[in-house]
Each structure stands twice: as structure tokens, then as C-alpha cells.
file input28.cif (mmCIF, C-alpha atoms)
data_coords
#
loop_
_atom_site.label_atom_id
_atom_site.label_comp_id
_atom_site.auth_asym_id
_atom_site.auth_seq_id
_atom_site.Cartn_x
_atom_site.Cartn_y
_atom_site.Cartn_z
CA MET X 1 13.61 26.03 1.07
CA ALA X 2 10.06 25.20 2.00
CA GLY X 3 7.47 24.83 -0.75
CA THR X 4 3.85 25.87 -0.86
CA ASP X 5 1.53 24.57 1.85
CA ARG X 6 -1.33 22.90 -0.04
CA ARG X 7 -3.22 21.50 2.94
CA SER X 8 -6.91 22.27 2.86
CA THR X 9 -9.19 22.92 5.79
CA PRO X 10 -11.60 19.98 6.19
CA PRO X 11 -15.16 21.17 5.51
CA ASP X 12 -16.17 20.32 9.06
CA GLU X 13 -13.53 22.61 10.48
CA ALA X 14 -14.70 25.55 8.44
CA ALA X 15 -17.86 25.74 10.53
CA ASP X 16 -18.23 27.61 13.80
CA ASP X 17 -17.79 24.38 15.75
CA PRO X 18 -14.50 23.83 17.56
CA PRO X 19 -11.93 21.84 15.55
CA LEU X 20 -12.09 18.08 15.76
CA SER X 21 -9.66 16.95 18.42
CA VAL X 22 -9.15 14.45 21.20
CA GLU X 23 -10.75 16.96 23.57
CA ALA X 24 -13.77 17.48 21.33
CA LEU X 25 -14.32 13.73 21.11
CA THR X 26 -14.10 13.21 24.85
CA GLY X 27 -15.69 16.41 26.17
CA PRO X 28 -19.26 17.63 26.64
CA GLY X 29 -19.84 18.13 22.91
CA ARG X 30 -18.79 14.56 22.14
CA ASP X 31 -21.88 13.47 20.21
CA ALA X 32 -21.76 16.41 17.83
CA ALA X 33 -18.02 15.94 17.32
CA LEU X 34 -18.53 12.25 16.62
CA SER X 35 -21.15 13.06 14.03
CA ARG X 36 -18.81 15.54 12.32
CA LEU X 37 -15.95 13.06 12.43
CA HIS X 38 -18.08 10.37 10.81
CA ALA X 39 -19.26 12.74 8.09
CA MET X 40 -15.67 13.80 7.37
CA LEU X 41 -14.44 10.21 7.20
CA LEU X 42 -17.36 9.13 5.02
CA ARG X 43 -16.42 11.79 2.49
CA ALA X 44 -12.86 10.46 2.57
CA THR X 45 -13.82 6.79 2.17
CA ARG X 46 -16.20 7.64 -0.69
CA ALA X 47 -13.51 9.62 -2.48
CA GLU X 48 -10.88 6.95 -1.93
CA LEU X 49 -13.12 4.13 -3.08
CA ALA X 50 -14.06 6.15 -6.16
CA ARG X 51 -10.34 6.58 -6.89
CA ARG X 52 -9.64 2.87 -6.55
CA ALA X 53 -12.92 1.61 -8.04
CA PRO X 54 -11.73 1.31 -11.64
CA ARG X 55 -9.00 -1.07 -10.50
CA VAL X 56 -11.14 -3.26 -8.28
CA GLY X 57 -14.32 -3.43 -10.32
CA ILE X 58 -16.78 -2.36 -7.64
CA THR X 59 -19.64 -0.01 -8.50
CA GLY X 60 -22.99 1.31 -7.34
CA PRO X 61 -24.58 0.35 -4.02
CA GLU X 62 -21.74 -2.03 -3.19
CA LEU X 63 -19.29 0.86 -3.35
CA THR X 64 -21.55 2.98 -1.14
CA ASP X 65 -21.87 0.14 1.38
CA LEU X 66 -18.11 -0.29 1.55
CA ALA X 67 -17.65 3.46 2.07
CA HIS X 68 -20.06 3.40 5.01
CA GLN X 69 -18.49 0.28 6.51
CA ALA X 70 -15.01 1.78 6.19
CA ALA X 71 -16.08 5.09 7.77
CA ASP X 72 -17.92 3.29 10.60
CA ASP X 73 -14.92 1.08 11.38
CA ALA X 74 -12.52 4.01 11.12
CA VAL X 75 -14.49 5.88 13.78
CA VAL X 76 -14.33 2.81 16.05
CA SER X 77 -10.57 2.52 15.51
CA ILE X 78 -10.02 6.20 16.19
CA LEU X 79 -12.01 6.14 19.42
CA ARG X 80 -10.13 3.06 20.57
CA ARG X 81 -6.77 4.70 19.86
CA LEU X 82 -7.40 8.30 20.91
CA SER X 83 -4.78 8.00 23.65
CA GLU X 84 -2.15 7.18 21.00
CA PHE X 85 -2.54 10.52 19.19
CA ARG X 86 0.74 12.36 19.74
CA GLY X 87 0.11 15.48 17.69
CA GLU X 88 2.71 14.58 15.05
CA SER X 89 0.16 15.72 12.48
CA ARG X 90 -3.12 17.55 12.56
CA PHE X 91 -5.82 15.50 14.25
CA THR X 92 -7.87 15.37 11.07
CA THR X 93 -4.90 14.00 9.09
CA TRP X 94 -4.38 11.33 11.73
CA ALA X 95 -8.11 10.51 11.55
CA TYR X 96 -8.14 10.40 7.74
CA LYS X 97 -5.38 7.80 7.93
CA PHE X 98 -7.73 5.34 9.62
CA ALA X 99 -10.32 5.91 6.90
CA ILE X 100 -7.80 5.18 4.14
CA LEU X 101 -6.49 2.09 5.95
CA GLU X 102 -10.03 0.80 6.39
CA VAL X 103 -10.63 1.22 2.66
CA SER X 104 -7.53 -0.90 1.95
CA SER X 105 -8.62 -3.52 4.43
CA LYS X 106 -12.17 -3.69 3.07
CA LEU X 107 -10.96 -3.99 -0.51
CA GLY X 108 -8.54 -6.75 0.52
CA ARG X 109 -11.36 -8.81 1.97
CA HIS X 110 -13.71 -7.95 -0.89
CA PHE X 111 -11.21 -9.35 -3.40
CA TRP X 112 -12.21 -12.89 -2.51
CA ASN X 113 -15.87 -12.27 -3.34
CA ARG X 114 -14.92 -12.68 -6.99
CA PRO X 115 -15.62 -16.14 -8.36
CA ALA X 116 -12.94 -18.56 -9.50
CA LEU X 117 -10.07 -17.06 -7.56
CA ALA X 118 -7.79 -19.43 -5.73
CA LEU X 119 -4.18 -19.86 -4.77
CA GLU X 120 -4.01 -23.16 -6.67
CA PRO X 121 -3.10 -24.29 -9.25
CA GLU X 122 0.04 -22.26 -9.86
CA GLN X 123 -0.09 -20.40 -13.14
CA TRP X 124 3.53 -19.68 -13.92
CA GLU X 125 2.74 -18.79 -17.51
CA GLN X 126 1.46 -15.46 -16.17
CA LEU X 127 4.84 -14.49 -14.73
CA PRO X 128 6.45 -12.91 -17.83
CA ALA X 129 3.59 -10.47 -18.29
CA ARG X 130 4.11 -9.24 -14.71
CA PHE X 131 7.55 -8.08 -15.80
CA GLY X 132 6.45 -6.67 -19.13
CA VAL X 133 7.56 -9.57 -21.31
CA ALA X 134 4.96 -9.90 -24.07
CA PRO X 135 3.36 -13.36 -24.48
CA GLU X 136 4.29 -13.42 -28.16
CA LEU X 137 7.96 -13.51 -27.15
CA ALA X 138 7.51 -17.16 -26.34
CA ALA X 139 11.14 -18.19 -26.02
CA GLU X 140 11.97 -15.25 -23.78
CA ALA X 141 8.89 -15.88 -21.65
CA ARG X 142 9.82 -19.53 -21.26
CA ASP X 143 13.35 -18.59 -20.23
CA MET X 144 12.09 -16.20 -17.60
CA ILE X 145 9.72 -18.78 -16.15
CA THR X 146 12.46 -21.43 -16.06
CA VAL X 147 15.02 -19.14 -14.41
CA VAL X 148 12.73 -17.64 -11.76
CA ARG X 149 10.90 -20.86 -10.98
CA ALA X 150 14.17 -22.70 -10.42
CA ALA X 151 15.34 -19.98 -8.03
CA VAL X 152 12.03 -20.04 -6.18
CA ASP X 153 12.21 -23.83 -5.83
CA ASN X 154 15.85 -23.80 -4.79
CA VAL X 155 16.11 -21.03 -2.22
CA LEU X 156 12.71 -20.14 -0.77
CA THR X 157 11.04 -21.68 2.24
CA GLU X 158 7.58 -23.15 1.77
CA ARG X 159 6.00 -20.01 3.24
CA GLN X 160 8.09 -17.68 1.08
CA ARG X 161 7.22 -19.72 -1.98
CA LEU X 162 3.48 -19.57 -1.26
CA VAL X 163 3.60 -15.80 -0.79
CA PHE X 164 5.79 -15.22 -3.85
CA VAL X 165 3.57 -17.30 -6.12
CA ALA X 166 0.39 -15.65 -4.83
CA LEU X 167 1.64 -12.08 -5.10
CA VAL X 168 3.93 -12.22 -8.10
CA VAL X 169 2.77 -15.13 -10.25
CA HIS X 170 -0.96 -14.81 -9.60
CA GLY X 171 -0.94 -11.05 -9.00
CA ILE X 172 -3.08 -11.21 -5.86
CA PRO X 173 -3.04 -7.86 -4.01
CA LEU X 174 -1.03 -7.85 -0.78
CA ASP X 175 -4.01 -6.86 1.41
CA ALA X 176 -6.16 -9.56 -0.18
CA LEU X 177 -3.55 -12.21 0.53
CA ALA X 178 -3.20 -10.94 4.09
CA ALA X 179 -6.95 -11.35 4.55
CA LYS X 180 -6.86 -14.84 3.05
CA LEU X 181 -3.97 -16.00 5.22
CA THR X 182 -5.28 -14.20 8.34
CA THR X 183 -2.12 -12.16 8.72
CA ASP X 184 -1.18 -8.55 8.08
CA ARG X 185 0.42 -6.48 5.35
CA ASN X 186 3.69 -5.95 7.22
CA THR X 187 4.23 -9.66 7.83
CA LEU X 188 3.72 -10.55 4.18
CA TYR X 189 5.85 -7.64 3.02
CA LYS X 190 8.71 -8.92 5.17
CA VAL X 191 8.28 -12.43 3.75
CA MET X 192 8.45 -11.00 0.23
CA PHE X 193 11.36 -8.73 1.12
CA ASP X 194 13.41 -11.74 2.18
CA ALA X 195 12.21 -13.78 -0.79
CA ARG X 196 13.23 -11.05 -3.24
CA ARG X 197 16.67 -10.83 -1.63
CA LYS X 198 17.21 -14.58 -1.79
CA ILE X 199 16.01 -14.96 -5.38
CA ARG X 200 18.19 -12.07 -6.48
CA ALA X 201 21.25 -13.59 -4.82
CA GLU X 202 20.49 -16.91 -6.54
CA LEU X 203 20.13 -15.26 -9.95
CA VAL X 204 23.43 -13.45 -9.40
CA THR X 205 25.10 -16.74 -8.45
CA LYS X 206 23.72 -18.40 -11.57
CA GLY X 207 24.91 -15.51 -13.71
CA TYR X 208 21.50 -14.19 -14.78
CA LEU X 209 21.86 -10.91 -12.90
CA ILE X 210 24.90 -8.79 -12.18
CA ASP X 211 26.16 -8.25 -8.65
CA PRO X 212 26.23 -4.45 -8.19
CA ALA X 213 29.42 -4.82 -6.13
CA ARG X 214 31.18 -6.20 -9.21
CA MET X 215 29.97 -3.52 -11.61
CA VAL X 216 32.72 -1.29 -12.97
CA THR X 217 31.76 2.34 -13.14
CA MET P 1 18.87 -16.38 -21.96
CA LEU P 2 17.04 -13.38 -20.59
CA SER P 3 16.80 -10.27 -22.71
CA ASP P 4 18.19 -7.01 -21.34
CA GLU P 5 14.63 -5.75 -20.86
CA ALA P 6 13.50 -8.81 -18.92
CA ARG P 7 16.68 -8.82 -16.86
CA GLY P 8 16.21 -5.14 -16.03
CA ALA P 9 12.61 -5.65 -14.95
CA LEU P 10 13.53 -8.61 -12.78
CA ASP P 11 16.48 -6.78 -11.29
CA ARG P 12 14.37 -3.76 -10.33
CA PHE P 13 11.75 -5.96 -8.70
CA LEU P 14 14.22 -8.12 -6.81
CA THR P 15 16.43 -5.29 -5.57
CA THR P 16 15.71 -4.46 -1.92
CA ASP P 17 16.69 -1.36 0.03
CA PRO P 18 18.20 -2.04 3.49
CA ALA P 19 16.78 1.31 4.62
CA ASP P 20 13.21 0.14 3.89
CA ALA P 21 11.20 0.85 7.06
CA GLY P 22 8.48 -1.75 6.40
CA CYS P 23 4.72 -1.34 6.43
CA ASP P 24 4.10 -0.97 10.18
CA GLN P 25 6.52 1.89 10.74
CA THR P 26 5.43 3.57 7.53
CA ILE P 27 1.76 3.43 8.47
CA ALA P 28 2.53 4.66 11.98
CA LEU P 29 4.15 7.81 10.59
CA LEU P 30 2.20 8.18 7.36
CA ASP P 31 0.13 11.12 8.62
CA ALA P 32 3.23 13.09 9.60
CA TYR P 33 4.92 12.17 6.30
CA VAL P 34 1.90 13.22 4.25
CA GLU P 35 1.63 16.54 6.07
CA MET P 36 5.23 17.32 5.20
CA VAL P 37 4.50 16.62 1.54
CA ALA P 38 1.32 18.71 1.66
CA ALA P 39 3.24 21.53 3.33
CA GLY P 40 5.81 21.53 0.53
CA GLN P 41 8.57 20.17 2.74
CA ASP P 42 10.93 17.28 1.98
CA PRO P 43 9.94 14.23 4.04
CA GLU P 44 12.66 12.06 2.49
CA ARG P 45 15.26 13.81 4.59
CA ALA P 46 13.32 13.35 7.82
CA TYR P 47 12.04 9.86 7.02
CA PRO P 48 14.41 8.12 4.55
CA GLY P 49 13.24 4.65 5.60
CA ILE P 50 9.64 5.52 4.88
CA ALA P 51 10.53 7.08 1.54
CA ALA P 52 12.39 3.87 0.64
CA HIS P 53 9.41 1.79 1.66
CA LEU P 54 6.92 3.87 -0.31
CA ARG P 55 9.03 3.36 -3.44
CA SER P 56 8.80 -0.40 -3.01
CA CYS P 57 5.41 -1.19 -1.42
CA GLY P 58 2.42 -0.69 -3.71
CA PRO P 59 -0.27 -0.90 -0.99
CA CYS P 60 1.46 1.60 1.30
CA GLY P 61 2.06 3.82 -1.72
CA ASP P 62 -1.64 3.65 -2.46
CA ASP P 63 -2.48 4.61 1.12
CA PHE P 64 -0.02 7.50 0.91
CA GLU P 65 -1.68 8.75 -2.27
CA GLY P 66 -5.17 8.41 -0.77
CA LEU P 67 -4.24 10.18 2.45
CA LEU P 68 -2.51 12.99 0.59
CA ARG P 69 -5.63 13.51 -1.52
CA ALA P 70 -7.82 13.53 1.59
CA VAL P 71 -5.59 16.14 3.22
CA LEU P 72 -5.39 18.32 0.11
CA GLY P 73 -9.15 18.21 -0.41
CA PRO P 74 -11.37 17.40 -3.37
CA GLU P 75 -9.73 19.99 -5.59
CA SER P 76 -6.56 17.88 -5.58
CA GLY P 77 -8.24 15.10 -7.60
CA ASP P 78 -7.67 14.46 -11.26
#
call {"tool": "encode", "arguments": {"input": "input28.cif", "output": "C-alpha cells"}}
result
Amino acid sequence: MAGTDRRSTPPDEAADDPPLSVEALTGPGRDAALSRLHAMLLRATRAELARRAPRVGITGPELTDLAHQAADDAVVSILRRLSEFRGESRFTTWAYKFAILEVSSKLGRHFWNRPALALEPEQWEQLPARFGVAPELAAEARDMITVVRAAVDNVLTERQRLVFVALVVHGIPLDALAAKLTTDRNTLYKVMFDARRKIRAELVTKGYLIDPARMVT
Amino acid sequence: MLSDEARGALDRFLTTDPADAGCDQTIALLDAYVEMVAAGQDPERAYPGIAAHLRSCGPCGDDFEGLLRAVLGPESGD
């Protein structure tokens, strides 16, 4: 049974103007439509940056600048890809997606503006906290580091190891690492996906984790 | 030896879902997925690979949350 439709009408579409669409952005009223699109996306990038701001530590004019940059670049992306819109969602939802993705991309690049952040040296002592093991549980933390580090050294390729250490040990955000390595989110996710699979198999082989296929229900 | 808690946390992180669609496919269909959620429908049935990915990928999950909020409007915020 279908639930309640909670979608709102974008403020720009509540006006007398025709709805934002591929036609509106390519027809005679293009300039006005572009202006409305930019205003709509700027509201979205501001709201999204405000939502993420507490996590990333950006405030004030810097946040405003990023919102404008993200909205500007989202408009460029949308115009470049208008022919790819297939109507699988409302046009405004499709357009909002570019604004949100630009926010992620901008924050990924902005991450490296912080001082004293680097991929080296490796700080394995941070690993237990990533999995909720309190630092005061010293013996347990040491065991976790030993077990995982051995698996990483034994089964991962050099590239997988670099990505695993950056994302998991150092806690660098995926988009930030993608910016640093001049690659994309999907590529790094696949590297990590394979790394997770290989480490898990190693920990099962060594007896630290249980193979689900062998679990008795 | 690892405690049960540490082993559980590691196991959850290291477990991968073969149905996971990956970031590119998820982003390509994120607008359609979000609209189904906003419309009160069940996107997991239509897009199981994307649902699996969103459970595992923090950045795509964040984009999903942001897009859903944009679609629902300012009144959807906390």
C-alpha cells in the first residue's frame, strides 16, 4: 500500500512562471528559467551545507562562498547534461541532485585546506576507536590493531592498502580522498569493497571471525 | 583475542553485500529513488542494489539524505 506523498512544490514552481523543465531552459524564456534554477539550487546548497557544517567545521562567509560555488557549478552541470534527463523523476528533483553532489565534491576538496593533514605517517593506534573500542581497553585495542594490520599487510594490494589506511585508519572522508588521489568516489568505493572482502576472508581463515556458511542456526 | 563487541563491529564493517550497486549506479538513479521515498513508496523493492549500497556507503547515504530534504522542503528539517 502506498504511503503519504510528502514531496513539496519548490518555491519557484509556485509562481505563475511555467515549471522548470528542459523546455524552459532551452526555449525563449531561457534566461528567466536559468535565474530561477540558480535561485532554487542556491537555496538547496545553503541548506545542505548548513546541515553538514557541524561535521566539517566550516562557518560564516566561507560557507556562503561554498554554497554559491556549488550552485554555480550545479547549473553548469545541468545545462551540460540536459539531454540526459529521462523524466525518471521530476525535473527539479533531478536538478537538486546536482546541487547535492556539488556540495559533496566541494567539501571533499575543502577537507585538505585544514592544516596538518596528510596520508603519512600511518596512525594505526586510531583504528580501535573507529570500531568503538575505547582507548582505555589497551589490551583489546592492541589485539585489534595486530589482527587487522596483519590482514591488511598479508592480503591487500598496495593500492588497496593505501585506501584502507586513509579511509579506515585515518578516517579521511571518501570524497576528500578521491579529490586527493584525483579519482572518483565509485572507484575508491570499489577498492574498499574488495579490500573489505579480502580482509574478512583472511580473518575468517585465521579464526578471528566466523564464516556465515558454517554458522548453525 | 578480540572481544565479542570488537569482533561484531569488525564483522559488520567487513561484510559486503553482493547486491551492492556501487556509487555510480546509485547516483544515476538517486533522484528516482528519493522520489519514491518522498511519495511514500518502497524503493527497496524496485532498486534493491541501491538500497544495499545506501546501507553501506556513507557519502551516498549523505547525498540521499540531502536530496530527500531538498525534495521535501525546508519544513522537513530538524
call {"tool": "atom_distance", "arguments": {"input": "input28.cif", "atom1": "CA of Ala179 in chain X", "atom2": "CA of Glu35 in chain P"}}
result
29.2 Å
call {"tool": "atom_distance", "arguments": {"input": "input28.cif", "atom1": "CA of Ile199 in chain X", "atom2": "CA of Asp63 in chain P"}}
result
27.7 Å
call {"tool": "interface_residues", "arguments": {"input": "input28.cif", "of": "chain P", "to": "chain X", "cutoff": "8 Å", "atoms": "only C-alpha atoms", "output": "ChimeraX atom specification"}}
result
/P:1-3,6-7,9-11,13-16,22-24,30-32,35,38-42,57,59,63,66-67,70-73
call {"tool": "resolve_selection", "arguments": {"input": "input28.cif", "expression": "the PyMOL selection byres ((chain X and resi 109) around 9)", "output": "PyMOL selection string"}}
result
chain X and resi 104-108+110-113+175-180
call {"tool": "atom_distance", "arguments": {"input": "input28.cif", "atom1": "CA of Ala19 in chain P", "atom2": "CA of Gly49 in chain P"}}
result
5.0 Å
call {"tool": "resolve_selection", "arguments": {"input": "input28.cif", "expression": "the PyMOL selection byres ((chain P and resi 48) around 12)", "output": "JSON, numbers by chain"}}
result
{"P": [17, 18, 19, 20, 21, 22, 25, 26, 29, 33, 42, 43, 44, 45, 46, 47, 49, 50, 51, 52, 53, 54, 55]}
call {"tool": "residues_around", "arguments": {"input": "input28.cif", "residues": "His38 in chain X", "least_positions_apart": "6", "cutoff": "9 Å", "atoms": "only C-alpha atoms", "output": "PyMOL selection string"}}
result
chain X and resi 71-72+74-75
call {"tool": "write_last_selection", "arguments": {"input": "input28.cif", "atoms": "C-alpha atoms", "output": "PDB file, in the frame of the given file"}}
result
ATOM      1  CA  ALA X  71     -16.080   5.090   7.770  1.00  0.00           C
ATOM      2  CA  ASP X  72     -17.920   3.290  10.600  1.00  0.00           C
ATOM      3  CA  ALA X  74     -12.520   4.010  11.120  1.00  0.00           C
ATOM      4  CA  VAL X  75     -14.490   5.880  13.780  1.00  0.00           C
TER       5      VAL X  75
END
